[in-house]
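Below is one structure, written out as structure tokens, with a few remarks after it.
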Amino acid sequence: MSATIQDAKCVLVVGATAGIGRALALAIHDLPSKPTIIVSGRRQERLDELTKQGERIESMRIDLN
């Protein structure tokens with residue numbers, strides 16, 4: 001038996017402040033397994049806004065420049 005994203009209890013989404021990363025974080029949040037989503041990105045204000053979109057979304061500001 002192999003694990004899938006639907007079995008995940010916690011998922012880290014890098015680059016979640018816009019575009020595909022943001023959409024991915026919100027889609028994973030809606031999975032029936034109800035995983036905790038840790039979103040990361042450079043823009044703290046966008047991370048803060050994203051954490052308000054779901055009760056299991058947490059954020060971590062990361063800037064790798």
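Labeling convention for the structure tokens: chains A, B, ... as they appear, residues from 1 per chain, ligands from 1 in order of appearance.
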
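Within the 12 Å cut-off around Leu64 (chain A), using only C-alpha atoms and omitting residues fewer than 5 positions from it on the same chain, the listed residues are Val14, Gly15, Ser40, Gly41 and Arg42 of chain A.
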
Take the residues from that selection and write them out as a compact mmCIF listing (two decimals), in the first residue's frame, keeping N, CA and C atoms.
# COMPACT_ATOMS: atom_id res chain seq x y z
N VAL A 14 5.26 25.36 -0.47
CA VAL A 14 6.23 26.43 -0.66
C VAL A 14 5.74 27.35 -1.77
N GLY A 15 5.89 28.65 -1.58
CA GLY A 15 5.45 29.60 -2.59
C GLY A 15 3.94 29.74 -2.63
N SER A 40 4.16 28.67 3.05
CA SER A 40 5.36 29.50 3.18
C SER A 40 5.50 30.41 1.98
N GLY A 41 6.20 31.50 2.21
CA GLY A 41 6.44 32.48 1.15
C GLY A 41 7.15 33.69 1.73
N ARG A 42 7.39 34.68 0.88
CA ARG A 42 8.13 35.87 1.29
C ARG A 42 7.25 36.99 1.83

Residue contacts of Ala16 (chain A) (9 Å, only C-alpha atoms) excluding same-chain residues fewer than 4 positions away, as a PDB file with N, CA, C and O atoms, in the first residue's frame:
ATOM      1  N   ILE A  20      -0.285  29.255  -8.382  1.00  0.00           N
ATOM      2  CA  ILE A  20      -0.490  27.819  -8.228  1.00  0.00           C
ATOM      3  C   ILE A  20      -0.305  27.382  -6.782  1.00  0.00           C
ATOM      4  O   ILE A  20      -1.058  26.559  -6.269  1.00  0.00           O
ATOM      5  N   GLY A  21       0.691  27.936  -6.091  1.00  0.00           N
ATOM      6  CA  GLY A  21       0.936  27.562  -4.701  1.00  0.00           C
ATOM      7  C   GLY A  21      -0.247  27.866  -3.802  1.00  0.00           C
ATOM      8  O   GLY A  21      -0.642  27.051  -2.961  1.00  0.00           O
ATOM      9  N   ARG A  22      -0.841  29.024  -3.984  1.00  0.00           N
ATOM     10  CA  ARG A  22      -2.012  29.412  -3.188  1.00  0.00           C
ATOM     11  C   ARG A  22      -3.192  28.483  -3.486  1.00  0.00           C
ATOM     12  O   ARG A  22      -3.864  27.990  -2.579  1.00  0.00           O
ATOM     13  N   ALA A  23      -3.447  28.243  -4.768  1.00  0.00           N
ATOM     14  CA  ALA A  23      -4.549  27.374  -5.167  1.00  0.00           C
ATOM     15  C   ALA A  23      -4.333  25.953  -4.645  1.00  0.00           C
ATOM     16  O   ALA A  23      -5.282  25.307  -4.181  1.00  0.00           O
ATOM     17  N   LEU A  24      -3.101  25.480  -4.693  1.00  0.00           N
ATOM     18  CA  LEU A  24      -2.781  24.148  -4.194  1.00  0.00           C
ATOM     19  C   LEU A  24      -3.037  24.046  -2.693  1.00  0.00           C
ATOM     20  O   LEU A  24      -3.636  23.081  -2.217  1.00  0.00           O
ATOM     21  N   ALA A  25      -2.601  25.047  -1.943  1.00  0.00           N
ATOM     22  CA  ALA A  25      -2.806  25.043  -0.490  1.00  0.00           C
ATOM     23  C   ALA A  25      -4.296  24.976  -0.146  1.00  0.00           C
ATOM     24  O   ALA A  25      -4.705  24.206   0.725  1.00  0.00           O
ATOM     25  N   VAL A  39       1.834  26.886   5.029  1.00  0.00           N
ATOM     26  CA  VAL A  39       2.116  27.659   3.828  1.00  0.00           C
ATOM     27  C   VAL A  39       3.345  28.525   4.082  1.00  0.00           C
ATOM     28  O   VAL A  39       3.551  29.025   5.180  1.00  0.00           O
ATOM     29  N   SER A  40       4.163  28.671   3.045  1.00  0.00           N
ATOM     30  CA  SER A  40       5.361  29.496   3.184  1.00  0.00           C
ATOM     31  C   SER A  40       5.499  30.406   1.985  1.00  0.00           C
ATOM     32  O   SER A  40       4.973  30.135   0.908  1.00  0.00           O
ATOM     33  N   GLY A  41       6.199  31.504   2.207  1.00  0.00           N
ATOM     34  CA  GLY A  41       6.435  32.479   1.154  1.00  0.00           C
ATOM     35  C   GLY A  41       7.147  33.687   1.727  1.00  0.00           C
ATOM     36  O   GLY A  41       7.474  33.732   2.912  1.00  0.00           O
ATOM     37  N   ARG A  46       0.442  38.488   2.773  1.00  0.00           N
ATOM     38  CA  ARG A  46      -0.304  37.489   2.000  1.00  0.00           C
ATOM     39  C   ARG A  46      -0.428  36.183   2.783  1.00  0.00           C
ATOM     40  O   ARG A  46      -1.442  35.500   2.690  1.00  0.00           O
ATOM     41  N   LEU A  47       0.600  35.830   3.527  1.00  0.00           N
ATOM     42  CA  LEU A  47       0.518  34.636   4.371  1.00  0.00           C
ATOM     43  C   LEU A  47      -0.562  34.807   5.430  1.00  0.00           C
ATOM     44  O   LEU A  47      -1.339  33.896   5.689  1.00  0.00           O
ATOM     45  N   LEU A  50      -3.913  34.383   3.899  1.00  0.00           N
ATOM     46  CA  LEU A  50      -4.171  32.982   3.560  1.00  0.00           C
ATOM     47  C   LEU A  50      -4.531  32.165   4.792  1.00  0.00           C
ATOM     48  O   LEU A  50      -5.407  31.304   4.731  1.00  0.00           O
TER      49      LEU A  50
END

>> Please return, as a PyMOL selection string, all residues of chain A that DSSP assigns to helix (DSSP H, G or I) on the basis of the backbone.
In response: chain A and resi 5-7+19-29+44-51

Residues of region 22-62 of chain A in strand (DSSP E or B) according to DSSP, as a PyMOL selection string?
chain A and resi 36-41+57-61

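The two atoms in question, CA of Asp7 (chain A) and CA of Ile57 (chain A), are spaced 16.9 Å apart.
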